[in-house]
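What follows is the content of start.cif, which has mmCIF, C-alpha atoms:
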```cif
data_start
#
loop_
_atom_site.label_atom_id
_atom_site.label_comp_id
_atom_site.auth_asym_id
_atom_site.auth_seq_id
_atom_site.Cartn_x
_atom_site.Cartn_y
_atom_site.Cartn_z
CA MET Q 360 0.00 0.00 0.00
CA ALA Q 361 1.35 3.45 -0.91
CA SER Q 362 2.33 5.71 2.00
CA GLN Q 363 0.02 8.54 2.92
CA VAL Q 364 1.37 11.93 1.95
CA PHE Q 365 2.05 14.64 4.54
CA LEU Q 366 2.83 18.12 3.22
CA VAL Q 367 4.35 20.76 5.45
CA THR Q 368 5.12 24.36 4.52
CA ARG Q 369 7.56 26.18 6.76
CA PRO Q 370 8.91 29.50 5.58
CA ASN Q 371 11.71 30.96 7.67
CA TYR Q 372 12.35 34.68 7.43
CA ASP Q 373 11.27 36.39 10.67
CA PRO Q 374 11.05 35.48 14.37
CA ALA Q 375 7.58 33.94 14.15
CA THR Q 376 8.30 31.76 11.12
CA HIS Q 377 11.73 30.90 12.59
CA TYR Q 378 10.02 29.38 15.63
CA LEU Q 379 7.40 27.55 13.58
CA TYR Q 380 10.12 26.23 11.24
CA TYR Q 381 12.00 24.49 14.04
CA TRP Q 382 8.97 23.39 16.06
CA SER Q 383 7.59 21.67 12.93
CA GLU Q 384 10.50 19.24 13.06
CA CYS Q 385 8.81 17.44 15.99
CA VAL Q 386 5.81 16.79 13.73
CA ILE Q 387 8.02 15.66 10.85
CA ASP Q 388 9.79 13.21 13.20
CA GLU Q 389 6.43 11.69 14.10
CA ALA Q 390 5.48 11.42 10.43
CA VAL Q 391 8.79 9.63 9.74
CA LYS Q 392 8.05 7.15 12.55
CA LYS Q 393 4.65 6.41 11.01
CA HIS Q 394 6.19 5.99 7.52
CA LEU Q 395 4.29 8.85 5.91
CA ARG Q 396 5.71 10.29 2.72
CA ILE Q 397 6.84 13.82 3.58
CA LEU Q 398 6.76 16.79 1.22
CA ASP Q 399 8.68 19.48 3.07
CA LEU Q 400 8.32 22.94 1.53
CA LYS Q 401 10.83 24.76 3.68
CA GLY Q 402 12.38 28.22 3.40
CA LYS Q 403 12.39 29.46 -0.19
CA ALA Q 404 10.62 26.28 -1.32
CA ALA Q 405 7.46 27.45 0.48
CA SER Q 406 6.05 28.95 -2.71
CA ARG Q 407 2.75 28.89 -4.57
CA GLU Q 408 4.43 27.25 -7.57
CA ASN Q 409 5.68 24.31 -5.51
CA LEU Q 410 2.37 23.90 -3.71
CA LEU Q 411 0.58 23.83 -7.07
CA SER Q 412 3.05 21.30 -8.47
CA TYR Q 413 2.75 18.97 -5.45
CA SER Q 414 -1.05 19.24 -5.47
CA GLN Q 415 -1.06 18.08 -9.09
CA LYS Q 416 1.32 15.16 -8.49
CA HIS Q 417 0.14 13.82 -5.13
CA ARG Q 418 -3.06 13.00 -3.31
CA ILE Q 419 -2.22 14.71 -0.01
CA ALA Q 420 -3.71 13.31 3.21
CA LEU Q 421 -2.48 15.88 5.70
CA ILE Q 422 -1.18 19.44 5.38
CA LEU Q 423 0.49 21.58 8.03
CA PHE Q 424 0.72 25.20 6.99
CA ASN Q 425 3.11 27.28 9.10
CA ALA Q 426 2.78 30.84 7.99
CA HIS Q 427 1.46 34.26 8.38
CA GLY Q 428 -2.12 34.48 7.27
CA SER Q 429 -5.19 36.60 6.86
CA PHE Q 430 -8.90 35.87 6.61
CA SER Q 431 -8.53 34.77 2.99
CA LYS Q 432 -4.84 34.00 2.50
CA ILE Q 433 -1.94 31.89 3.72
CA PHE Q 434 1.55 33.12 2.96
CA GLY Q 435 4.83 31.43 2.07
CA GLN Q 436 8.42 32.62 2.17
CA PHE Q 437 8.78 36.40 2.45
CA ASN Q 438 5.01 36.82 2.83
CA LYS Q 439 4.28 35.86 -0.79
CA VAL Q 440 0.80 34.39 -1.18
CA LEU Q 441 0.88 30.60 -1.04
CA LEU Q 442 -2.84 29.95 -1.13
CA ASP Q 443 -5.95 32.11 -1.16
CA GLU Q 444 -9.66 31.56 -1.46
CA ASP Q 445 -9.49 32.02 -5.24
CA SER Q 446 -6.70 29.44 -5.79
CA VAL Q 447 -9.00 26.98 -7.55
CA ASP Q 448 -6.07 25.51 -9.51
CA ILE Q 449 -4.56 24.13 -6.28
CA ASP Q 450 -6.56 20.98 -5.59
CA LEU Q 451 -6.26 19.90 -1.97
CA SER Q 452 -9.49 17.90 -1.94
CA GLY Q 453 -9.49 14.95 0.43
CA ALA Q 454 -6.85 16.51 2.69
CA ILE Q 455 -7.09 17.46 6.33
CA ILE Q 456 -5.43 20.84 6.88
CA TYR Q 457 -4.05 22.42 10.02
CA ALA Q 458 -3.11 26.06 9.44
CA ARG Q 459 -0.89 27.48 12.12
CA SER Q 460 -1.51 31.02 10.95
CA CYS Q 461 -3.62 34.02 11.81
CA ASN Q 462 -7.31 34.35 11.00
CA SER Q 463 -7.52 31.83 8.15
CA ALA Q 464 -10.15 29.48 9.57
CA VAL Q 465 -13.21 31.54 8.83
CA ILE Q 466 -13.11 32.54 5.16
CA LEU Q 467 -10.23 30.54 3.63
CA GLY Q 468 -10.91 27.43 5.72
CA GLN Q 469 -14.56 27.33 4.76
CA ALA Q 470 -13.75 28.04 1.08
CA LEU Q 471 -11.35 25.08 1.02
CA VAL Q 472 -13.90 22.82 2.69
CA ASP Q 473 -16.46 23.91 0.10
CA ARG Q 474 -13.93 22.79 -2.56
CA GLY Q 475 -13.47 19.32 -1.10
CA VAL Q 476 -10.99 19.61 1.76
CA LYS Q 477 -12.21 17.17 4.42
CA SER Q 478 -11.47 19.39 7.37
CA PHE Q 479 -9.64 22.61 8.18
CA ILE Q 480 -8.38 23.35 11.68
CA GLY Q 481 -7.18 26.88 12.23
CA TYR Q 482 -7.76 30.13 14.05
CA SER Q 483 -10.59 32.62 13.64
CA GLN Q 484 -8.41 35.35 15.17
CA GLU Q 485 -4.68 35.98 15.28
CA PHE Q 486 -2.45 33.13 16.42
CA ALA Q 487 0.05 34.18 19.10
CA ILE Q 488 3.38 32.83 20.32
CA CYS Q 489 5.14 34.22 23.37
CA GLN Q 490 8.91 33.92 23.28
CA THR Q 491 11.74 34.29 25.75
CA THR Q 492 13.93 37.14 24.51
CA SER Q 493 17.12 35.37 25.54
CA LYS Q 494 16.16 32.16 23.68
CA ILE Q 495 15.25 33.66 20.34
CA SER Q 496 18.17 31.97 18.54
CA ASN Q 497 17.28 28.58 19.98
CA PRO Q 498 13.51 28.13 19.59
CA ILE Q 499 13.35 24.50 20.71
CA GLN Q 500 14.95 25.40 24.06
CA ASP Q 501 12.43 28.17 24.70
CA SER Q 502 10.22 26.89 27.52
CA ILE Q 503 7.72 29.73 27.09
CA ALA Q 504 7.22 29.05 23.38
CA LYS Q 505 6.85 25.36 24.28
CA LEU Q 506 3.65 26.21 26.20
CA PHE Q 507 2.20 27.44 22.90
CA LEU Q 508 3.77 25.19 20.30
CA GLU Q 509 3.57 21.79 21.97
CA PRO Q 510 -0.27 21.92 22.13
CA SER Q 511 -0.28 23.26 18.59
CA ASN Q 512 1.93 20.37 17.39
CA MET Q 513 -0.47 18.01 19.15
CA ILE Q 514 -2.99 18.50 16.32
CA PRO Q 515 -0.95 17.08 13.42
CA ILE Q 516 0.78 14.53 15.66
CA SER Q 517 -2.56 13.22 16.88
CA LEU Q 518 -3.87 13.07 13.30
CA ILE Q 519 -0.75 11.18 12.21
CA LYS Q 520 -1.40 8.69 15.03
CA GLY Q 521 -4.85 7.98 13.59
CA ASN Q 522 -7.10 10.10 15.77
CA ASN Q 523 -9.90 12.04 14.10
CA VAL Q 524 -10.10 15.81 13.73
CA GLN Q 525 -12.29 16.40 16.79
CA GLN Q 526 -10.12 14.17 18.99
CA SER Q 527 -6.96 15.94 17.79
CA HIS Q 528 -8.49 19.38 18.37
CA ASP Q 529 -9.64 18.30 21.85
CA LYS Q 530 -6.22 16.92 22.77
CA SER Q 531 -4.67 20.23 21.78
CA ILE Q 532 -7.26 22.23 23.75
CA ASN Q 533 -6.75 20.02 26.81
CA MET Q 534 -2.99 20.49 26.67
CA MET Q 535 -3.44 24.27 26.35
CA LYS Q 536 -5.84 24.17 29.32
CA LYS Q 537 -3.31 22.24 31.40
CA ASN Q 538 -0.58 24.72 30.45
CA LEU Q 539 -2.86 27.68 31.16
CA TYR Q 540 -3.77 26.42 34.62
CA HIS Q 541 -0.08 26.04 35.39
CA MET Q 542 0.57 29.57 34.09
CA LEU Q 543 -2.12 30.92 36.42
CA SER Q 544 -0.82 29.00 39.43
CA SER Q 545 1.60 30.12 42.13
CA ASP Q 546 4.20 27.75 40.60
CA ALA Q 547 4.38 29.83 37.41
CA SER Q 548 7.38 32.00 36.56
CA PRO Q 549 6.68 35.70 35.80
CA GLU Q 550 7.14 35.00 32.08
CA GLU Q 551 4.69 32.10 32.19
CA ARG Q 552 2.12 34.18 34.05
CA ASP Q 553 2.47 37.11 31.65
CA SER Q 554 1.98 34.80 28.66
CA ALA Q 555 -1.38 33.49 29.84
CA PRO Q 556 -3.64 36.00 27.97
CA TYR Q 557 -2.05 34.99 24.68
CA LEU Q 558 -2.39 31.25 25.19
CA TRP Q 559 -6.00 31.78 26.23
CA ARG Q 560 -6.55 33.59 22.95
CA ASN Q 561 -5.19 30.67 20.90
CA MET Q 562 -7.35 28.28 22.90
CA LYS Q 563 -10.48 30.37 22.51
CA TYR Q 564 -10.17 30.88 18.77
CA GLN Q 565 -8.91 27.47 17.59
CA THR Q 566 -11.68 26.15 15.39
CA ILE Q 567 -12.70 23.44 12.94
CA ALA Q 568 -14.34 23.92 9.54
CA GLY Q 569 -15.70 20.85 7.78
CA SER Q 570 -15.96 17.32 9.09
CA SER Q 571 -14.85 16.69 12.66
CA ASP Q 572 -15.04 12.89 12.66
CA THR Q 573 -12.67 12.31 9.77
CA THR Q 574 -9.16 10.80 9.88
CA ILE Q 575 -6.23 10.86 7.44
CA MET L 981 -25.74 59.58 23.04
CA PRO L 982 -26.00 62.19 25.82
CA ASP L 983 -22.81 64.12 26.65
CA SER L 984 -22.78 62.72 30.19
CA GLN L 985 -22.75 59.14 28.81
CA LYS L 986 -19.94 60.02 26.38
CA GLN L 987 -17.93 61.39 29.31
CA ILE L 988 -18.45 58.17 31.30
CA ASP L 989 -17.39 56.06 28.28
CA LEU L 990 -14.26 58.14 27.81
CA GLU L 991 -13.38 57.80 31.48
CA THR L 992 -13.95 54.04 31.31
CA GLN L 993 -11.66 53.78 28.28
CA GLU L 994 -8.98 55.68 30.16
CA ASP L 995 -9.37 53.46 33.22
CA ILE L 996 -9.05 50.36 31.01
CA ARG L 997 -5.95 51.75 29.35
CA ASP L 998 -4.41 52.53 32.74
CA LEU L 999 -5.15 49.01 33.95
CA VAL L 1000 -3.52 47.47 30.88
CA LEU L 1001 -0.52 49.78 31.22
CA GLU L 1002 -0.06 48.59 34.80
CA ARG L 1003 -0.20 44.97 33.67
CA ILE L 1004 2.38 45.58 30.95
CA ASN L 1005 4.61 47.56 33.34
CA ALA L 1006 4.63 44.54 35.64
CA MET L 1007 5.54 42.22 32.75
CA SER L 1008 8.96 40.58 32.50
CA SER L 1009 11.30 42.27 30.01
CA ASN L 1010 12.50 38.82 28.98
CA LEU L 1011 9.20 38.16 27.18
CA GLN L 1012 8.12 39.11 23.68
CA VAL L 1013 5.11 38.21 21.58
CA SER L 1014 4.66 37.27 17.94
CA ILE L 1015 1.14 38.05 16.86
CA GLY L 1016 -0.31 39.23 13.59
CA ASP L 1017 0.92 39.04 10.05
CA ASP L 1018 3.67 41.66 10.08
CA GLY L 1019 6.16 39.11 11.38
CA GLU L 1020 7.73 41.30 13.99
CA VAL L 1021 7.94 40.44 17.66
CA ILE L 1022 6.42 42.89 20.08
CA THR L 1023 8.53 43.85 23.08
CA LYS L 1024 7.37 45.20 26.42
CA LYS L 1025 8.55 48.68 25.42
CA GLU L 1026 6.58 48.58 22.15
CA MET L 1027 3.48 47.39 23.99
CA LEU L 1028 3.73 50.27 26.45
CA GLU L 1029 4.22 52.84 23.67
CA GLY L 1030 1.37 51.37 21.63
CA VAL L 1031 -1.10 51.45 24.52
CA LYS L 1032 -0.01 54.93 25.66
CA ASN L 1033 -0.37 56.33 22.15
CA ASN L 1034 -3.53 54.34 21.36
CA THR L 1035 -2.04 52.91 18.16
CA GLU L 1036 -3.50 49.92 16.29
CA LEU L 1037 -1.04 47.68 18.14
CA GLY L 1038 -1.97 49.28 21.45
CA GLN L 1039 -5.67 48.71 20.81
CA LYS L 1040 -4.95 45.08 19.99
CA ILE L 1041 -3.02 44.61 23.24
CA VAL L 1042 -5.81 46.27 25.25
CA LYS L 1043 -8.38 43.97 23.65
CA ILE L 1044 -6.32 40.83 24.38
CA GLN L 1045 -5.75 41.81 28.01
CA MET L 1046 -9.36 42.86 28.61
CA ASP L 1047 -10.79 39.73 26.96
CA PHE L 1048 -8.58 37.67 29.25
CA LEU L 1049 -9.61 39.57 32.38
CA LYS L 1050 -13.30 39.40 31.47
CA ASP L 1051 -13.09 35.65 30.79
CA MET L 1052 -11.22 35.15 34.07
CA ALA L 1053 -13.88 37.11 35.96
CA SER L 1054 -16.76 35.24 34.31
CA GLY L 1055 -15.15 31.86 35.01
CA LYS L 1056 -15.05 31.03 31.26
CA ILE L 1057 -11.35 30.18 31.47
CA TYR L 1058 -12.08 27.52 34.07
CA GLY L 1059 -15.08 26.16 32.14
#
```
If you convert what's in this file into structure tokens, what do you get?
Amino acid sequence: MASQVFLVTRPNYDPATHYLYYWSECVIDEAVKKHLRILDLKGKAASRENLLSYSQKHRIALILFNAHGSFSKIFGQFNKVLLDEDSVDIDLSGAIIYARSCNSAVILGQALVDRGVKSFIGYSQEFAICQTTSKISNPIQDSIAKLFLEPSNMIPISLIKGNNVQQSHDKSINMMKKNLYHMLSSDASPEERDSAPYLWRNMKYQTIAGSSDTTI
Amino acid sequence: MPDSQKQIDLETQEDIRDLVLERINAMSSNLQVSIGDDGEVITKKEMLEGVKNNTELGQKIVKIQMDFLKDMASGKIYG
């Protein structure tokens, strides 16, 4: 049986994308363990042309978009448009998408579902990451960013493990809730406590468009 | 809207801004936030300037902080 295809886009040109670039490697490691075929559009390769080409050559089961976004667009390297609601030539039908980007769940997510994407998990408001200033050059060692990006990574990792969309969303929400309760506790560091409003925002606005009981 | 109501609203806005400024002042300087599509991280200093000057960024920070406080007060966060 042919391997399922996992596509990840991870531009890397500013502090936010730099963090998402490195934190995506944990998801890629899990996909390797589960023998998925990985299409890794990283850095300059995170372009509309490459996404179009891969969409024509492969039936993609799971997509992780790491990017800046808007209500109707997801961006690639250097904020060039990777995908928008009018990109009818890019056929992602049958895929489950997790977009780790701002605002894209409402308009773009629904437009993609209307065009055959099984499910789109994303954010109806801006996605936030708090970072430790002294750890900016070493994102994986940043314990504050971990409070945001580990629950976010939980979505694709859970999907790769065979859970459905709703279960994966719930696991992510539960991990954010656990982190948030720690951040509000007397055990929290000042940085953890100060980050709480931003994690709450991600938790509150993480949303699903399309089918919630589907798997890859 | 009557002038007296406008005055109350303005005073409330100022009180909210002062509250958020206090929260940011108490924030660790070793923390920064990536939010939005401009790609830049927001430092404590930039947050303070934005809120003081009522810029777009400042309004965003006020909204995030106030949403959090309201949801804490209503118990929604612990729901």
Expanded to explicit residues, what is the PyMOL selection byres ((chain Q and resi 436) around 6) for this file, as a ChimeraX atom specification?
/Q:370,403,405,435,437-438
I'd like the contact shell of region 1016-1028 of chain L - 7 Å cut-off, only C-alpha atoms, skipping same-chain residues fewer than 4 positions apart - returned as JSON, numbers by chain.
{"Q": [373, 374, 375, 427, 428, 461, 485], "L": [1001, 1004, 1009, 1012, 1032, 1038]}
Next, the residues of the selection above should be written as a PDB file, in the coordinates of the input with C-alpha atoms.
```pdb
ATOM      1  CA  ASP Q 373      11.270  36.390  10.670  1.00  0.00           C
ATOM      2  CA  PRO Q 374      11.050  35.480  14.370  1.00  0.00           C
ATOM      3  CA  ALA Q 375       7.580  33.940  14.150  1.00  0.00           C
ATOM      4  CA  HIS Q 427       1.460  34.260   8.380  1.00  0.00           C
ATOM      5  CA  GLY Q 428      -2.120  34.480   7.270  1.00  0.00           C
ATOM      6  CA  CYS Q 461      -3.620  34.020  11.810  1.00  0.00           C
ATOM      7  CA  GLU Q 485      -4.680  35.980  15.280  1.00  0.00           C
TER       8      GLU Q 485
ATOM      9  CA  LEU L1001      -0.520  49.780  31.220  1.00  0.00           C
ATOM     10  CA  ILE L1004       2.380  45.580  30.950  1.00  0.00           C
ATOM     11  CA  SER L1009      11.300  42.270  30.010  1.00  0.00           C
ATOM     12  CA  GLN L1012       8.120  39.110  23.680  1.00  0.00           C
ATOM     13  CA  LYS L1032      -0.010  54.930  25.660  1.00  0.00           C
ATOM     14  CA  GLY L1038      -1.970  49.280  21.450  1.00  0.00           C
TER      15      GLY L1038
END
```
Long-range neighbours of region 1041-1057 of chain L as a count of residues only, 7 Å cut-off, all atoms listed in the file, 6 positions minimum in chain
3
Thr492 (chain Q) surroundings by only C-alpha atoms, 7 Å radius, close-in-sequence under 3 positions cut, as a list in words
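Listed by chain and then number, they are Ile495 of chain Q; Asn1010, Leu1011 and Gln1012 of chain L.
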Do you know which residues are at most 6 Å from region 470-473 of chain Q counting all atoms listed in the file, after dropping those on the same chain fewer than 2 positions away, and could you put them as JSON, numbers by chain?
{"Q": [444, 467, 468, 475, 476, 569]}
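The residue set within 8 Å of Ile449 (chain Q), counting all atoms listed in the file and dropping same-chain residues fewer than 3 places from it, reads Leu410, Leu411, Ser414, Gln415, Leu442 and Ser446 of chain Q.
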Between Q:Ile397, Q:Ile433, Q:Ile503, Q:Val465, smallest distance to Ser548 (chain Q) by all atoms listed in the file belongs to Q:Ile503
Exactly which residues make up the result of the PyMOL selection byres ((chain Q and resi 483) around 6) on this file, given as number ranges by chain?
Q: 462, 464-465, 482, 484, 564
Top pick for closest residue to chain L, considering Q:Asp445, Q:Asp501, Q:Asp450, Q:Glu509 and counting only C-alpha atoms:
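Closest to chain L, using only C-alpha atoms: Q:Asp501.
Note that CA of Met513 (chain Q) and CA of Asp443 (chain Q) are 25.3 Å apart.
Take CA of Gly481 (chain Q) and CA of Phe434 (chain Q): the distance between them is 14.2 Å.
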Tell me, in Å to one decimal, how far CA of Leu506 (chain Q) is from CA of Tyr557 (chain Q).
10.6 Å
The PyMOL selection byres ((chain Q and resi 510) around 6) resolved against shown file, as a PyMOL selection string:
chain Q and resi 508-509+511-513+531+534-535
Could you take the residues named above and write them with C-alpha atoms, as an mmCIF file, in the coordinates of the input?
```cif
data_model
loop_
_atom_site.group_PDB
_atom_site.id
_atom_site.type_symbol
_atom_site.label_atom_id
_atom_site.label_comp_id
_atom_site.auth_asym_id
_atom_site.auth_seq_id
_atom_site.Cartn_x
_atom_site.Cartn_y
_atom_site.Cartn_z
ATOM 1 C CA LEU Q 508 3.770 25.190 20.300
ATOM 2 C CA GLU Q 509 3.570 21.790 21.970
ATOM 3 C CA SER Q 511 -0.280 23.260 18.590
ATOM 4 C CA ASN Q 512 1.930 20.370 17.390
ATOM 5 C CA MET Q 513 -0.470 18.010 19.150
ATOM 6 C CA SER Q 531 -4.670 20.230 21.780
ATOM 7 C CA MET Q 534 -2.990 20.490 26.670
ATOM 8 C CA MET Q 535 -3.440 24.270 26.350
#
```
Could you give me, as a PDB file with C-alpha atoms, in the frame of the given file, the residues that have an atom at most 12 Å away from the point (1.9, 34.9, 31.8) in the coordinates of the file, using all atoms listed in the file?
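Dumped everything to point_33.pdb:
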```
ATOM      1  CA  ILE Q 488       3.380  32.830  20.320  1.00  0.00           C
ATOM      2  CA  CYS Q 489       5.140  34.220  23.370  1.00  0.00           C
ATOM      3  CA  GLN Q 490       8.910  33.920  23.280  1.00  0.00           C
ATOM      4  CA  THR Q 491      11.740  34.290  25.750  1.00  0.00           C
ATOM      5  CA  ILE Q 503       7.720  29.730  27.090  1.00  0.00           C
ATOM      6  CA  ALA Q 504       7.220  29.050  23.380  1.00  0.00           C
ATOM      7  CA  LEU Q 506       3.650  26.210  26.200  1.00  0.00           C
ATOM      8  CA  PHE Q 507       2.200  27.440  22.900  1.00  0.00           C
ATOM      9  CA  ASN Q 538      -0.580  24.720  30.450  1.00  0.00           C
ATOM     10  CA  LEU Q 539      -2.860  27.680  31.160  1.00  0.00           C
ATOM     11  CA  TYR Q 540      -3.770  26.420  34.620  1.00  0.00           C
ATOM     12  CA  HIS Q 541      -0.080  26.040  35.390  1.00  0.00           C
ATOM     13  CA  MET Q 542       0.570  29.570  34.090  1.00  0.00           C
ATOM     14  CA  LEU Q 543      -2.120  30.920  36.420  1.00  0.00           C
ATOM     15  CA  SER Q 544      -0.820  29.000  39.430  1.00  0.00           C
ATOM     16  CA  SER Q 545       1.600  30.120  42.130  1.00  0.00           C
ATOM     17  CA  ASP Q 546       4.200  27.750  40.600  1.00  0.00           C
ATOM     18  CA  ALA Q 547       4.380  29.830  37.410  1.00  0.00           C
ATOM     19  CA  SER Q 548       7.380  32.000  36.560  1.00  0.00           C
ATOM     20  CA  PRO Q 549       6.680  35.700  35.800  1.00  0.00           C
ATOM     21  CA  GLU Q 550       7.140  35.000  32.080  1.00  0.00           C
ATOM     22  CA  GLU Q 551       4.690  32.100  32.190  1.00  0.00           C
ATOM     23  CA  ARG Q 552       2.120  34.180  34.050  1.00  0.00           C
ATOM     24  CA  ASP Q 553       2.470  37.110  31.650  1.00  0.00           C
ATOM     25  CA  SER Q 554       1.980  34.800  28.660  1.00  0.00           C
ATOM     26  CA  ALA Q 555      -1.380  33.490  29.840  1.00  0.00           C
ATOM     27  CA  PRO Q 556      -3.640  36.000  27.970  1.00  0.00           C
ATOM     28  CA  TYR Q 557      -2.050  34.990  24.680  1.00  0.00           C
ATOM     29  CA  LEU Q 558      -2.390  31.250  25.190  1.00  0.00           C
ATOM     30  CA  TRP Q 559      -6.000  31.780  26.230  1.00  0.00           C
TER      31      TRP Q 559
ATOM     32  CA  ARG L1003      -0.200  44.970  33.670  1.00  0.00           C
ATOM     33  CA  ILE L1004       2.380  45.580  30.950  1.00  0.00           C
ATOM     34  CA  ALA L1006       4.630  44.540  35.640  1.00  0.00           C
ATOM     35  CA  MET L1007       5.540  42.220  32.750  1.00  0.00           C
ATOM     36  CA  SER L1008       8.960  40.580  32.500  1.00  0.00           C
ATOM     37  CA  ASN L1010      12.500  38.820  28.980  1.00  0.00           C
ATOM     38  CA  LEU L1011       9.200  38.160  27.180  1.00  0.00           C
ATOM     39  CA  GLN L1012       8.120  39.110  23.680  1.00  0.00           C
ATOM     40  CA  VAL L1013       5.110  38.210  21.580  1.00  0.00           C
ATOM     41  CA  GLN L1045      -5.750  41.810  28.010  1.00  0.00           C
ATOM     42  CA  PHE L1048      -8.580  37.670  29.250  1.00  0.00           C
TER      43      PHE L1048
END
```
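Compared by their closest atoms to chain L, and using only C-alpha atoms, the residues Q:Leu379, Q:Leu395, Q:Ile516, Q:Ala568 rank with Q:Leu379 nearest.
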Which one is closest to chain L: Q:Phe365, Q:Phe424, Q:Phe479, Q:Phe486? Count all atoms listed in the file.
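Of the candidates, the smallest distance to chain L is held by Q:Phe486.
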Residues proximal to (13.6, 29.3, 6.3) were defined as those with any atom within 8 Å of that point in the file's coordinates, counting all atoms listed in the file. Which are they, as a PyMOL selection string?
chain Q and resi 369-372+376-377+380+401-403+436
How about completing region 997-1011 of chain L with N, CA, C and O atoms and giving it to me as a short mmCIF file (atom, residue, chain, number, x, y, z; two decimals), in the coordinates of the input?
```cif
data_model
loop_
_atom_site.label_atom_id
_atom_site.label_comp_id
_atom_site.auth_asym_id
_atom_site.auth_seq_id
_atom_site.Cartn_x
_atom_site.Cartn_y
_atom_site.Cartn_z
N ARG L 997 -7.31 51.57 29.86
CA ARG L 997 -5.95 51.75 29.35
C ARG L 997 -4.94 51.79 30.50
O ARG L 997 -3.86 51.20 30.43
N ASP L 998 -5.30 52.47 31.57
CA ASP L 998 -4.41 52.53 32.74
C ASP L 998 -4.19 51.15 33.33
O ASP L 998 -3.07 50.80 33.73
N LEU L 999 -5.25 50.36 33.42
CA LEU L 999 -5.15 49.01 33.95
C LEU L 999 -4.20 48.16 33.09
O LEU L 999 -3.32 47.46 33.61
N VAL L 1000 -4.38 48.26 31.78
CA VAL L 1000 -3.52 47.47 30.88
C VAL L 1000 -2.08 47.94 30.97
O VAL L 1000 -1.14 47.13 30.99
N LEU L 1001 -1.88 49.25 31.08
CA LEU L 1001 -0.52 49.78 31.22
C LEU L 1001 0.15 49.22 32.48
O LEU L 1001 1.33 48.87 32.47
N GLU L 1002 -0.61 49.15 33.56
CA GLU L 1002 -0.06 48.59 34.80
C GLU L 1002 0.34 47.13 34.61
O GLU L 1002 1.38 46.68 35.09
N ARG L 1003 -0.50 46.39 33.91
CA ARG L 1003 -0.20 44.97 33.67
C ARG L 1003 1.06 44.82 32.82
O ARG L 1003 1.89 43.96 33.07
N ILE L 1004 1.19 45.68 31.81
CA ILE L 1004 2.38 45.58 30.95
C ILE L 1004 3.62 46.04 31.72
O ILE L 1004 4.69 45.45 31.60
N ASN L 1005 3.47 47.09 32.52
CA ASN L 1005 4.61 47.56 33.34
C ASN L 1005 5.15 46.46 34.24
O ASN L 1005 6.35 46.38 34.48
N ALA L 1006 4.23 45.61 34.73
CA ALA L 1006 4.63 44.54 35.64
C ALA L 1006 5.21 43.33 34.90
O ALA L 1006 5.72 42.39 35.51
N MET L 1007 5.12 43.36 33.57
CA MET L 1007 5.54 42.22 32.75
C MET L 1007 7.06 42.08 32.72
O MET L 1007 7.79 43.07 32.79
N SER L 1008 7.53 40.84 32.62
CA SER L 1008 8.96 40.58 32.50
C SER L 1008 9.50 41.16 31.19
O SER L 1008 8.86 41.03 30.14
N SER L 1009 10.68 41.74 31.23
CA SER L 1009 11.30 42.27 30.01
C SER L 1009 11.90 41.15 29.16
O SER L 1009 12.33 41.38 28.03
N ASN L 1010 11.93 39.95 29.72
CA ASN L 1010 12.50 38.82 28.98
C ASN L 1010 11.42 38.08 28.17
O ASN L 1010 11.60 36.93 27.81
N LEU L 1011 10.31 38.77 27.92
CA LEU L 1011 9.20 38.16 27.18
C LEU L 1011 8.86 39.02 25.98
O LEU L 1011 8.84 40.24 26.08
#
```
